[in-house]
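Have a look at the structure below before the remarks.
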Amino acid sequence: MMLSILALVSGLALLVWSSDKFVFGASALARTLGVSPLLIGLTIVGFGTSAPEMIVSAVSAWQGNPGLAIGNALGSNIANIALILGASALIAPLVISPRILKHQIPLLVAVMLLTLVLLLDNELSSTDSIILLITMLGVMGWIVHDGLKHPESVLDADLEEELATDVPASRALGWLLLALVILLLSSRMMVWGAVNIAQALGISDLVIGLSIVAVGTSLPELGAAFACMRKKEYDIAIGNVLGSNIFNSLGVLGIAGIIQPTAVDPMVLVRDMPVQFGLMLFLILIAGHWHLGIGQTRGQISRRSGLIFLTCFALYQGLLFLQSFSSVS
């Protein structure tokens, strides 16, 4: 058991480190090859925070643990909204811009509905996965197109300064390859540890994916959100979370289903999807300037709303383990 915990924690630490170096190497290589900072910000940097979820879910499916992959995708979505936005709002209220309300939130809701429809038969099939991945490519194309039309909304001076400009191509490629190798190895360590812990506790791979693994793979988003909070870039903090959820729903589930089509635990539709939609509904009500009677300033995630998000997350995690241990006993 201790070895499994060590593998989980070590794998998680290496996963977070390597995902950061992956973004560094890929961004530096792209700059060396003449790719504009705007496109790097729209694609590589945006994709980088979702890399842990994608790699972990791919490894999980490859090793015959698709429940862990599905749990990781859905659990990360829940953690992103309830944990990351909730914790960020405790630092400072998050103002939700009209642009996020008109573009990213409707897009995420549409993606969530698509995912729900595809999983209604309690199966993640190859066809479902192809639909998800094709949709992801379409969404990425739209994001790039929209970003090129409104460059000021996706790339600021700070980000452009942070993108390495003087890194030789050989060094950038070296970091990129090293990061990819460590991403794969750390993901295998993390999955091995998580599966062993689940077996030792007598709980399902799905629950471990929804809880420990999901929180772990969401750490890059949490770090990015806190960095944005320090710079008072609230739009970017919220946008990163919503963008990550879009990638999780389309890319993470799609890749896992392509590698190993699988039956979906009925609890996903009965418990986890409703929680995800409930959190999203609360966010929409806040973003839509509804007065909720909780001391909420319209159009922003207040500290009180952040506390509600965090409370919901804690209750959800408690429910997961309560149901798991009840079924074991």
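Every chain in the structure tokens takes a letter, A first, then B, and so on in the order presented; its residues are numbered from 1, and the ligands are numbered from 1 following the presented order.
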Quick one: residues within 12 Å of Gly278 (chain A), only C-alpha atoms counted, chain neighbours fewer than 4 positions away excluded, as a short mmCIF file (atom, residue, chain, number, x, y, z; two decimals) with N, CA and C atoms, in the first residue's frame?
```cif
data_model
loop_
_atom_site.label_atom_id
_atom_site.label_comp_id
_atom_site.auth_asym_id
_atom_site.auth_seq_id
_atom_site.Cartn_x
_atom_site.Cartn_y
_atom_site.Cartn_z
N ILE A 78 -15.27 18.52 -12.94
CA ILE A 78 -15.90 18.94 -11.69
C ILE A 78 -14.91 19.69 -10.82
N ILE A 81 -14.21 23.39 -12.06
CA ILE A 81 -15.21 24.41 -11.74
C ILE A 81 -15.34 24.60 -10.23
N ALA A 82 -15.54 23.50 -9.51
CA ALA A 82 -15.84 23.62 -8.08
C ALA A 82 -14.61 23.94 -7.25
N VAL A 109 -21.25 24.26 -22.71
CA VAL A 109 -22.56 23.62 -22.49
C VAL A 109 -22.90 22.70 -23.67
N MET A 112 -20.83 19.59 -23.36
CA MET A 112 -21.34 18.74 -22.29
C MET A 112 -22.59 17.99 -22.73
N ARG A 271 -25.14 10.06 -11.13
CA ARG A 271 -24.49 10.87 -10.09
C ARG A 271 -23.55 11.94 -10.65
N ASP A 272 -22.62 11.53 -11.49
CA ASP A 272 -21.52 12.43 -11.86
C ASP A 272 -21.93 13.48 -12.90
N MET A 273 -22.66 13.07 -13.92
CA MET A 273 -23.13 14.03 -14.91
C MET A 273 -24.05 15.09 -14.28
N PRO A 274 -25.02 14.70 -13.43
CA PRO A 274 -25.85 15.73 -12.80
C PRO A 274 -25.05 16.72 -11.96
N PHE A 282 -25.03 26.66 -11.98
CA PHE A 282 -24.74 27.70 -10.99
C PHE A 282 -23.82 28.76 -11.58
N LEU A 283 -22.81 28.32 -12.33
CA LEU A 283 -21.89 29.26 -12.97
C LEU A 283 -22.63 30.12 -14.00
N ILE A 284 -23.54 29.52 -14.74
CA ILE A 284 -24.30 30.27 -15.75
C ILE A 284 -25.18 31.32 -15.08
N LEU A 285 -25.81 30.95 -13.97
CA LEU A 285 -26.64 31.92 -13.26
C LEU A 285 -25.83 33.10 -12.76
N PHE A 309 -18.98 26.78 -4.13
CA PHE A 309 -18.35 25.83 -5.05
C PHE A 309 -17.49 24.83 -4.28
N CYS A 312 -19.59 22.37 -2.32
CA CYS A 312 -20.16 21.36 -3.22
C CYS A 312 -19.12 20.31 -3.58
N PHE A 313 -17.89 20.76 -3.82
CA PHE A 313 -16.84 19.81 -4.17
C PHE A 313 -16.54 18.86 -3.02
N TYR A 316 -19.38 16.40 -2.68
CA TYR A 316 -19.34 15.41 -3.76
C TYR A 316 -18.27 14.36 -3.50
#
```
What's the 6 Å shell around region 95-102 of chain A, counting only C-alpha atoms, without same-chain residues fewer than 6 positions away, as an mmCIF file with C-alpha atoms, in the first residue's frame?
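Okay, selection36.cif is ready:
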```cif
data_model
loop_
_atom_site.group_PDB
_atom_site.id
_atom_site.type_symbol
_atom_site.label_atom_id
_atom_site.label_comp_id
_atom_site.auth_asym_id
_atom_site.auth_seq_id
_atom_site.Cartn_x
_atom_site.Cartn_y
_atom_site.Cartn_z
ATOM 1 C CA ALA A 287 -22.378 34.802 -15.286
ATOM 2 C CA GLY A 299 -21.614 39.013 -13.146
ATOM 3 C CA GLN A 300 -18.837 37.800 -10.893
#
```
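Proximity to Gly11 (chain A) at 7 Å, evaluated using only C-alpha atoms and with sequence-adjacent residues fewer than 2 positions away removed, yields Ala7, Leu8, Val9, Ala13, Leu14, Leu15, Ser186, Ser187, Met189 and Met190 of chain A.
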Extract, using only C-alpha atoms, all DNA, RNA and protein residues at most 8 Å from Ser129 (chain A), discarding same-chain residues fewer than 5 positions from it, and format them as a VMD selection string. chain A and resid 124 253 to 258
Generate the output file for the selected residues, C-alpha atoms, as a compact mmCIF listing (two decimals), in the first residue's frame.
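Here's the written file result18.txt:
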```
# COMPACT_ATOMS: atom_id res chain seq x y z
CA LEU A 124 -18.23 4.83 -24.87
CA LEU A 253 -12.83 10.86 -23.36
CA GLY A 254 -12.26 10.56 -27.11
CA ILE A 255 -8.71 9.26 -26.80
CA ALA A 256 -9.66 6.80 -24.05
CA GLY A 257 -12.57 5.45 -26.10
CA ILE A 258 -10.47 5.06 -29.23
```
